[in-house]
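Following: one structure in structure tokens, then a few remarks.
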Amino acid sequence: MRFYALLVFSFLTLAVNAQLTQFLILRKHVGFGYKTSESPREVKALIIHSTFNASFPNTQQPDTFSVEGVLKQFEQYGVAAHYLIGRDGQVYELVEPNNVAYHAGKSQLPDGTTAVNSCSIGIEIMCTYTVGPNEAQYASLRKLIDQLDTHYKFKYILGHFDIAPGRKTDPWHFKDTGFFRK
Ligand SMILES: [Zn+2]
């Protein structure tokens with residue numbers, strides 16, 4: 001009896017550990033919307049965005065949260081962010097974090113820096129103007145930010161609207177529970 005109890009306990013422990021370490025970033029590198037950096041670049045800002053697939057009816061399915069649909073849109077506009085978080089919380093790495101991704105557009109950091117793309121990392125969360133991020137996405141965002149912050153020690157963690165006020169309104173319906181560093 002005691003043996004079985006121990007066995008069950010071991011399995012439970014394994015399951016919990018697997019959950020804790022199961023933060024998988026899927027590499028899905030794109031061929032547009034970025035430029036390669038030859039040397040390690042200085043990154044001082046993390047910018048949070050949101051996006052959705054607005055290409056229907058040009059696509060066959062009205063899939064607002066299609067990763068492929070969003071990537072097609074990015075390609076059309078020649079833009080990309082380093083990471084995209086799908087509705088299921090899956091994190092995709094679209095651009096190597098050391099490369100410069102075109103995600104910020106005309107914008108400015110609080111310290112006056114206007115070349116924001118060159119010194120920042122961009123994260124896109126899949127959501128719409130009316131449907132904000134879900135719990136799985138917030139959980140993945142938290143893990144992703146913690147992981148990146150360990151390496152980059154960001155001076156700023158901001159929303160797109162913070163650096164392009166009047167021009168950008170994303171991330172939409174974003175519940176800030178200590179994400180930002182302004
Ligand atoms: Zn944005």
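Chain lettering (A, B, ...) mirrors the order of the structure tokens, residue numbering begins at 1 for each chain separately, and ligand numbering begins at 1 in order of display.
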**Message:** ligand 1: which residues are within 10 Å, counting only C-alpha atoms and all ligand atoms? Reply as an NGL selection string.
**Reply:** :A and (47-51 or 81 or 103-105 or 122-125 or 159-161 or 163-164 or 167-172)
Those selected residues, please, written with N, CA and C atoms and delivered as a PDB file, in the first residue's frame.
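The new file selection_5.pdb reads:
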ATOM      1  N   ILE A  47       8.461  45.840 -26.011  1.00  0.00           N
ATOM      2  CA  ILE A  47       7.204  46.464 -26.421  1.00  0.00           C
ATOM      3  C   ILE A  47       6.138  45.387 -26.614  1.00  0.00           C
ATOM      4  N   ILE A  48       4.988  45.578 -25.957  1.00  0.00           N
ATOM      5  CA  ILE A  48       3.872  44.629 -26.052  1.00  0.00           C
ATOM      6  C   ILE A  48       2.837  45.148 -27.051  1.00  0.00           C
ATOM      7  N   HIS A  49       2.472  44.273 -27.988  1.00  0.00           N
ATOM      8  CA  HIS A  49       1.495  44.618 -29.028  1.00  0.00           C
ATOM      9  C   HIS A  49       0.342  43.621 -28.985  1.00  0.00           C
ATOM     10  N   SER A  50      -0.682  43.896 -29.799  1.00  0.00           N
ATOM     11  CA  SER A  50      -1.652  42.846 -30.087  1.00  0.00           C
ATOM     12  C   SER A  50      -2.039  42.897 -31.560  1.00  0.00           C
ATOM     13  N   THR A  51      -2.480  41.748 -32.049  1.00  0.00           N
ATOM     14  CA  THR A  51      -2.765  41.610 -33.473  1.00  0.00           C
ATOM     15  C   THR A  51      -3.784  40.499 -33.687  1.00  0.00           C
ATOM     16  N   ALA A  81       7.318  40.952 -35.480  1.00  0.00           N
ATOM     17  CA  ALA A  81       7.777  41.117 -34.105  1.00  0.00           C
ATOM     18  C   ALA A  81       8.629  39.894 -33.787  1.00  0.00           C
ATOM     19  N   HIS A 103       8.654  46.389 -35.741  1.00  0.00           N
ATOM     20  CA  HIS A 103       7.373  46.262 -35.032  1.00  0.00           C
ATOM     21  C   HIS A 103       6.874  47.568 -34.443  1.00  0.00           C
ATOM     22  N   ALA A 104       7.755  48.544 -34.243  1.00  0.00           N
ATOM     23  CA  ALA A 104       7.360  49.744 -33.500  1.00  0.00           C
ATOM     24  C   ALA A 104       6.864  50.877 -34.399  1.00  0.00           C
ATOM     25  N   GLY A 105       7.393  50.977 -35.620  1.00  0.00           N
ATOM     26  CA  GLY A 105       7.034  52.093 -36.494  1.00  0.00           C
ATOM     27  C   GLY A 105       7.540  53.406 -35.922  1.00  0.00           C
ATOM     28  N   GLY A 122       9.950  43.026 -29.605  1.00  0.00           N
ATOM     29  CA  GLY A 122       8.502  43.151 -29.725  1.00  0.00           C
ATOM     30  C   GLY A 122       7.799  41.818 -29.513  1.00  0.00           C
ATOM     31  N   ILE A 123       6.709  41.860 -28.748  1.00  0.00           N
ATOM     32  CA  ILE A 123       5.875  40.669 -28.525  1.00  0.00           C
ATOM     33  C   ILE A 123       4.454  40.978 -28.990  1.00  0.00           C
ATOM     34  N   GLU A 124       3.918  40.170 -29.874  1.00  0.00           N
ATOM     35  CA  GLU A 124       2.535  40.315 -30.334  1.00  0.00           C
ATOM     36  C   GLU A 124       1.663  39.282 -29.634  1.00  0.00           C
ATOM     37  N   ILE A 125       0.553  39.743 -29.067  1.00  0.00           N
ATOM     38  CA  ILE A 125      -0.417  38.824 -28.459  1.00  0.00           C
ATOM     39  C   ILE A 125      -1.639  38.783 -29.372  1.00  0.00           C
ATOM     40  N   GLY A 159       3.649  49.317 -23.571  1.00  0.00           N
ATOM     41  CA  GLY A 159       2.704  48.959 -24.620  1.00  0.00           C
ATOM     42  C   GLY A 159       3.005  49.796 -25.851  1.00  0.00           C
ATOM     43  N   HIS A 160       2.546  49.323 -27.001  1.00  0.00           N
ATOM     44  CA  HIS A 160       2.765  50.087 -28.231  1.00  0.00           C
ATOM     45  C   HIS A 160       2.177  51.494 -28.096  1.00  0.00           C
ATOM     46  N   PHE A 161       1.008  51.573 -27.392  1.00  0.00           N
ATOM     47  CA  PHE A 161       0.357  52.890 -27.230  1.00  0.00           C
ATOM     48  C   PHE A 161       1.202  53.876 -26.431  1.00  0.00           C
ATOM     49  N   ILE A 163       4.425  54.292 -26.728  1.00  0.00           N
ATOM     50  CA  ILE A 163       5.519  54.864 -27.526  1.00  0.00           C
ATOM     51  C   ILE A 163       5.019  55.498 -28.824  1.00  0.00           C
ATOM     52  N   ALA A 164       3.731  55.274 -29.141  1.00  0.00           N
ATOM     53  CA  ALA A 164       3.149  55.903 -30.333  1.00  0.00           C
ATOM     54  C   ALA A 164       1.738  56.399 -30.007  1.00  0.00           C
ATOM     55  N   ARG A 167      -1.396  57.285 -32.370  1.00  0.00           N
ATOM     56  CA  ARG A 167      -1.248  56.505 -33.601  1.00  0.00           C
ATOM     57  C   ARG A 167      -1.577  55.036 -33.350  1.00  0.00           C
ATOM     58  N   LYS A 168      -1.196  54.538 -32.189  1.00  0.00           N
ATOM     59  CA  LYS A 168      -1.405  53.125 -31.864  1.00  0.00           C
ATOM     60  C   LYS A 168      -2.185  52.975 -30.560  1.00  0.00           C
ATOM     61  N   THR A 169      -3.047  51.958 -30.509  1.00  0.00           N
ATOM     62  CA  THR A 169      -3.868  51.735 -29.318  1.00  0.00           C
ATOM     63  C   THR A 169      -3.629  50.359 -28.693  1.00  0.00           C
ATOM     64  N   ASP A 170      -2.753  49.565 -29.309  1.00  0.00           N
ATOM     65  CA  ASP A 170      -2.506  48.228 -28.752  1.00  0.00           C
ATOM     66  C   ASP A 170      -1.406  48.262 -27.681  1.00  0.00           C
ATOM     67  N   PRO A 171      -1.420  47.276 -26.768  1.00  0.00           N
ATOM     68  CA  PRO A 171      -2.289  46.092 -26.712  1.00  0.00           C
ATOM     69  C   PRO A 171      -3.686  46.434 -26.215  1.00  0.00           C
ATOM     70  N   TRP A 172      -4.692  45.842 -26.886  1.00  0.00           N
ATOM     71  CA  TRP A 172      -6.091  46.136 -26.573  1.00  0.00           C
ATOM     72  C   TRP A 172      -6.576  45.294 -25.401  1.00  0.00           C
TER      73      TRP A 172
END
**Spatial neighbours of range 83-95 of chain A, 6 Å, only C-alpha atoms, chain gap at least 6 places, as a PyMOL selection string** = chain A and resi 25-30+123-126+136-137+140
**Prompt:** Near His151 in chain A, counting only C-alpha atoms, which residues have an atom at most 10 Å away, once you skip same-chain residues fewer than 4 positions from it, shown as a PyMOL selection string?
**Reply:** chain A and resi 43+146-147
**Request:** Rank nothing, just name the residue among A:Arg142, A:Lys72, A:Arg181, A:Lys106 nearest to Leu46 in chain A, using only C-alpha atoms.
**Result:** A:Arg181
**Request:** Using backbone DSSP assignments, extract all strand (DSSP E) residues from chain A; output them as number ranges by chain.
**Result:** A: 25-27, 34-35, 45-51, 83-85, 91-93, 100-101, 120-126, 156-159
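With only C-alpha atoms taken into account, the protein and nucleic acid residues at most 12 Å from Lys155 in chain A (excluding it and anything under 3 positions from it in its own chain) are Glu42, Val43, Lys44, Ala45, Leu46, Ile47, Leu109, Pro110, Asp111, Cys119, Ser120, Ile121, Asp149, Tyr152, Leu158, Phe180, Arg181 and Lys182 of chain A.
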Keeping only C-alpha atoms, write those residues as a PDB file, in the first residue's frame.
ATOM      1  CA  GLU A  42      21.919  46.762 -26.951  1.00  0.00           C
ATOM      2  CA  VAL A  43      18.285  46.084 -26.053  1.00  0.00           C
ATOM      3  CA  LYS A  44      16.678  48.329 -23.488  1.00  0.00           C
ATOM      4  CA  ALA A  45      12.963  48.099 -24.205  1.00  0.00           C
ATOM      5  CA  LEU A  46      10.317  45.434 -24.511  1.00  0.00           C
ATOM      6  CA  ILE A  47       7.204  46.464 -26.421  1.00  0.00           C
ATOM      7  CA  LEU A 109      10.768  55.836 -25.769  1.00  0.00           C
ATOM      8  CA  PRO A 110      10.372  57.917 -22.578  1.00  0.00           C
ATOM      9  CA  ASP A 111      14.111  58.764 -22.696  1.00  0.00           C
ATOM     10  CA  CYS A 119      16.971  48.771 -29.293  1.00  0.00           C
ATOM     11  CA  SER A 120      13.826  46.795 -28.520  1.00  0.00           C
ATOM     12  CA  ILE A 121      12.112  43.440 -28.599  1.00  0.00           C
ATOM     13  CA  ASP A 149      14.379  40.117 -18.719  1.00  0.00           C
ATOM     14  CA  TYR A 152      18.356  41.906 -21.175  1.00  0.00           C
ATOM     15  CA  LEU A 158       5.799  49.279 -22.497  1.00  0.00           C
ATOM     16  CA  PHE A 180       4.829  47.286 -17.447  1.00  0.00           C
ATOM     17  CA  ARG A 181       8.002  49.093 -16.447  1.00  0.00           C
ATOM     18  CA  LYS A 182       7.507  52.721 -17.450  1.00  0.00           C
TER      19      LYS A 182
END
**Item:** Residue nearest Phe32 in chain A among A:Thr128, A:Thr150, A:Gln76, A:Asn117 (counting only C-alpha atoms)
**Value:** A:Gln76
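Residues of range 10-137 of chain A assigned to alpha helix (DSSP H) by DSSP on this structure's backbone: Ser10, Phe11, Leu12, Thr13, Leu14, Ala15, Val16, Asn17, Ala18, Gln19, Leu20, Thr21, Val67, Glu68, Gly69, Val70, Leu71, Lys72, Gln73, Phe74, Glu75, Gln76, Tyr77, Glu135, Ala136 and Gln137 of chain A.
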**Request:** Tell me, in Å to one decimal, how far CA of His173 in chain A is from CA of Tyr138 in chain A.
**Result:** 12.0 Å
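Take the candidates A:Ala80, A:Val67, A:Val100, A:Val116 and check each one against Lys35 in chain A using only C-alpha atoms; the shortest distance goes to A:Val100.
With only C-alpha atoms as the atoms that count, the residue of A:Pro97, A:Gly166, A:Gly112, A:Gly178 with the shortest distance to Thr36 in chain A is A:Pro97.
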